[in-house]
>>> print(open('start-v4.cif').read())   # mmCIF, C-alpha atoms and all ligand atoms
data_start
#
loop_
_atom_site.group_PDB
_atom_site.id
_atom_site.type_symbol
_atom_site.label_atom_id
_atom_site.label_comp_id
_atom_site.auth_asym_id
_atom_site.auth_seq_id
_atom_site.Cartn_x
_atom_site.Cartn_y
_atom_site.Cartn_z
ATOM 1 C CA MET A 13 113.585 -91.032 129.986
ATOM 2 C CA LEU A 14 111.498 -88.277 128.521
ATOM 3 C CA LYS A 15 109.953 -89.074 125.291
ATOM 4 C CA SER A 16 109.913 -86.152 122.966
ATOM 5 C CA SER A 17 107.072 -85.997 120.594
ATOM 6 C CA LEU A 18 108.285 -82.748 119.178
ATOM 7 C CA PHE A 19 109.878 -84.422 116.284
ATOM 8 C CA SER A 20 106.815 -85.992 114.860
ATOM 9 C CA GLY A 21 104.115 -83.780 113.586
ATOM 10 C CA LEU A 22 106.276 -80.740 113.350
ATOM 11 C CA LEU A 23 107.839 -81.665 110.091
ATOM 12 C CA ALA A 24 106.838 -78.933 107.778
ATOM 13 C CA LYS A 25 104.610 -80.235 105.138
ATOM 14 C CA LYS A 26 105.870 -79.019 101.873
ATOM 15 C CA ILE A 27 103.172 -77.759 99.678
ATOM 16 C CA THR A 28 103.469 -79.711 96.539
ATOM 17 C CA LYS A 29 101.107 -77.966 94.273
ATOM 18 C CA GLU A 30 100.874 -79.318 90.846
ATOM 19 C CA ASN A 31 103.279 -77.055 89.180
ATOM 20 C CA PRO A 32 103.211 -76.725 85.438
ATOM 21 C CA ASP A 33 106.657 -75.185 85.683
ATOM 22 C CA PHE A 34 108.175 -78.365 87.051
ATOM 23 C CA GLY A 35 109.336 -79.483 83.647
ATOM 24 C CA LYS A 36 111.310 -76.303 83.368
ATOM 25 C CA VAL A 37 113.451 -77.320 86.312
ATOM 26 C CA ILE A 38 114.368 -80.514 84.609
ATOM 27 C CA ASN A 39 115.137 -78.777 81.382
ATOM 28 C CA TYR A 40 116.863 -75.868 83.026
ATOM 29 C CA ARG A 41 120.297 -77.443 82.957
ATOM 30 C CA LYS A 42 119.899 -78.066 79.264
ATOM 31 C CA ILE A 43 119.441 -74.401 78.551
ATOM 32 C CA LEU A 44 122.643 -72.688 77.534
ATOM 33 C CA THR A 45 124.183 -70.201 79.887
ATOM 34 C CA ARG A 46 124.440 -66.718 78.479
ATOM 35 C CA SER A 47 128.156 -67.060 77.829
ATOM 36 C CA ALA A 48 127.639 -70.399 76.106
ATOM 37 C CA TYR A 49 124.828 -68.940 74.052
ATOM 38 C CA LEU A 50 127.024 -66.056 72.925
ATOM 39 C CA LYS A 51 129.822 -68.448 72.143
ATOM 40 C CA LYS A 52 127.552 -70.664 70.110
ATOM 41 C CA HIS A 53 125.905 -67.788 68.293
ATOM 42 C CA PRO A 54 128.535 -65.051 68.012
ATOM 43 C CA THR A 55 126.327 -62.919 65.788
ATOM 44 C CA VAL A 56 123.517 -62.464 68.296
ATOM 45 C CA GLN A 57 125.469 -59.940 70.300
ATOM 46 C CA THR A 58 124.512 -56.582 68.854
ATOM 47 C CA GLU A 59 125.047 -53.075 70.107
ATOM 48 C CA ASP A 60 121.372 -53.000 70.991
ATOM 49 C CA GLY A 61 121.607 -56.134 73.081
ATOM 50 C CA ILE A 62 121.387 -59.855 72.629
ATOM 51 C CA ALA A 63 119.207 -61.078 69.814
ATOM 52 C CA CYS A 64 117.282 -64.265 69.252
ATOM 53 C CA CYS A 65 119.431 -66.813 67.443
ATOM 54 C CA ASP A 66 116.381 -68.064 65.621
ATOM 55 C CA CYS A 67 114.651 -64.990 64.243
ATOM 56 C CA GLY A 68 117.029 -62.174 65.177
ATOM 57 C CA GLU A 69 114.452 -60.428 67.316
ATOM 58 C CA LEU A 70 115.881 -58.196 70.038
ATOM 59 C CA ASP A 71 112.782 -58.433 72.175
ATOM 60 C CA ILE A 72 114.009 -60.966 74.710
ATOM 61 C CA LYS A 73 111.754 -61.857 77.567
ATOM 62 C CA GLU A 74 113.271 -62.651 80.932
ATOM 63 C CA TRP A 75 111.421 -64.583 83.583
ATOM 64 C CA GLY A 76 112.120 -66.400 86.829
ATOM 65 C CA LEU A 77 112.288 -70.138 86.425
ATOM 66 C CA LEU A 78 109.755 -71.011 89.101
ATOM 67 C CA LYS A 79 108.636 -67.704 90.448
ATOM 68 C CA ARG A 80 108.754 -64.106 89.436
ATOM 69 C CA ASP A 81 111.801 -63.271 91.541
ATOM 70 C CA ASP A 82 113.587 -66.588 91.110
ATOM 71 C CA ILE A 83 117.342 -66.064 90.887
ATOM 72 C CA LYS A 84 117.337 -68.578 88.074
ATOM 73 C CA ARG A 85 116.464 -66.460 85.092
ATOM 74 C CA VAL A 86 115.426 -67.833 81.768
ATOM 75 C CA HIS A 87 115.515 -65.727 78.644
ATOM 76 C CA SER A 88 113.350 -66.452 75.687
ATOM 77 C CA CYS A 89 112.450 -64.701 72.501
ATOM 78 C CA ASN A 90 109.318 -62.648 72.872
ATOM 79 C CA PHE A 91 108.635 -63.000 69.180
ATOM 80 C CA CYS A 92 109.101 -66.655 68.280
ATOM 81 C CA GLY A 93 109.164 -68.084 71.782
ATOM 82 C CA GLN A 94 112.540 -69.754 71.363
ATOM 83 C CA LEU A 95 114.280 -70.500 74.658
ATOM 84 C CA LEU A 96 117.606 -68.762 74.395
ATOM 85 C CA PHE A 97 119.715 -68.861 77.511
ATOM 86 C CA ARG A 98 119.721 -68.829 81.270
ATOM 87 C CA THR A 99 121.387 -66.662 83.823
ATOM 88 C CA ILE A 100 121.708 -66.691 87.560
ATOM 89 C CA ASP A 101 120.697 -63.449 89.153
ATOM 90 C CA ARG A 102 123.459 -63.113 91.690
ATOM 91 C CA MET A 103 126.683 -61.305 92.310
ATOM 92 C CA PRO A 104 128.450 -60.625 89.006
ATOM 93 C CA ALA A 105 131.659 -61.987 90.509
ATOM 94 C CA ASN A 106 130.144 -65.425 90.269
ATOM 95 C CA ASP A 107 129.948 -65.168 86.523
ATOM 96 C CA ASP A 108 133.285 -66.919 86.469
ATOM 97 C CA ASP A 109 131.708 -69.960 88.041
ATOM 98 C CA GLU A 110 129.494 -70.375 85.054
ATOM 99 C CA LEU A 111 132.470 -70.115 82.767
ATOM 100 C CA ALA A 112 134.456 -72.599 84.786
ATOM 101 C CA GLU A 113 131.535 -74.947 84.687
ATOM 102 C CA LEU A 114 131.657 -74.907 80.921
ATOM 103 C CA GLN A 115 135.327 -75.516 80.493
HETATM 104 ZN ZN ZN A 201 113.040 -65.438 67.998
#
>>> encode(input="start-v4.cif", output="structure tokens")
Amino acid sequence: MLKSSLFSGLLAKKITKENPDFGKVINYRKILTRSAYLKKHPTVQTEDGIACCDCGELDIKEWGLLKRDDIKRVHSCNFCGQLLFRTIDRMPANDDDELAELQ
């Protein structure tokens, strides 16, 4: 019987850098989806875009949750820093999934 030693040692070591963003992953699910945010704050939808529910600022900053091009997008107010809502950067058709998730 041949003993394969391939298995051991080849396991990719995941780089577990200390990541200050880690807390964001945990909190991510607590952030409202865009549709939930709009539902909760009907007045934030303006013709110029979505405004901050806290200060009314239209300058909303969008960033990737863990990395710049993360499909998990978090939107926060560029003025007061309030976390506003999250989106998934994927096919628009999947928007319904988010809605279904909420109902
Ligand atoms: Zn604000």
>>> residues_near_ligand(input="start-v4.cif", ligand="ligand ZN 201 (chain A)", cutoff="9 Å", atoms="all atoms listed in the file", output="PyMOL selection string")
chain A and resi 63-72+88-96
>>> atom_distance(input="start-v4.cif", atom1="CA of Ile43 in chain A", atom2="CA of Phe97 in chain A")
5.6 Å
>>> atom_distance(input="start-v4.cif", atom1="CA of Ile100 in chain A", atom2="CA of Leu50 in chain A")
15.6 Å
>>> atom_distance(input="start-v4.cif", atom1="CA of Trp75 in chain A", atom2="CA of Ala48 in chain A")
18.8 Å
>>> resolve_selection(input="start-v4.cif", expression="the PyMOL selection byres (((chain A and resi 76) around 10) and not hetatm)", output="PyMOL selection string")
chain A and resi 74-75+77-87+98-101
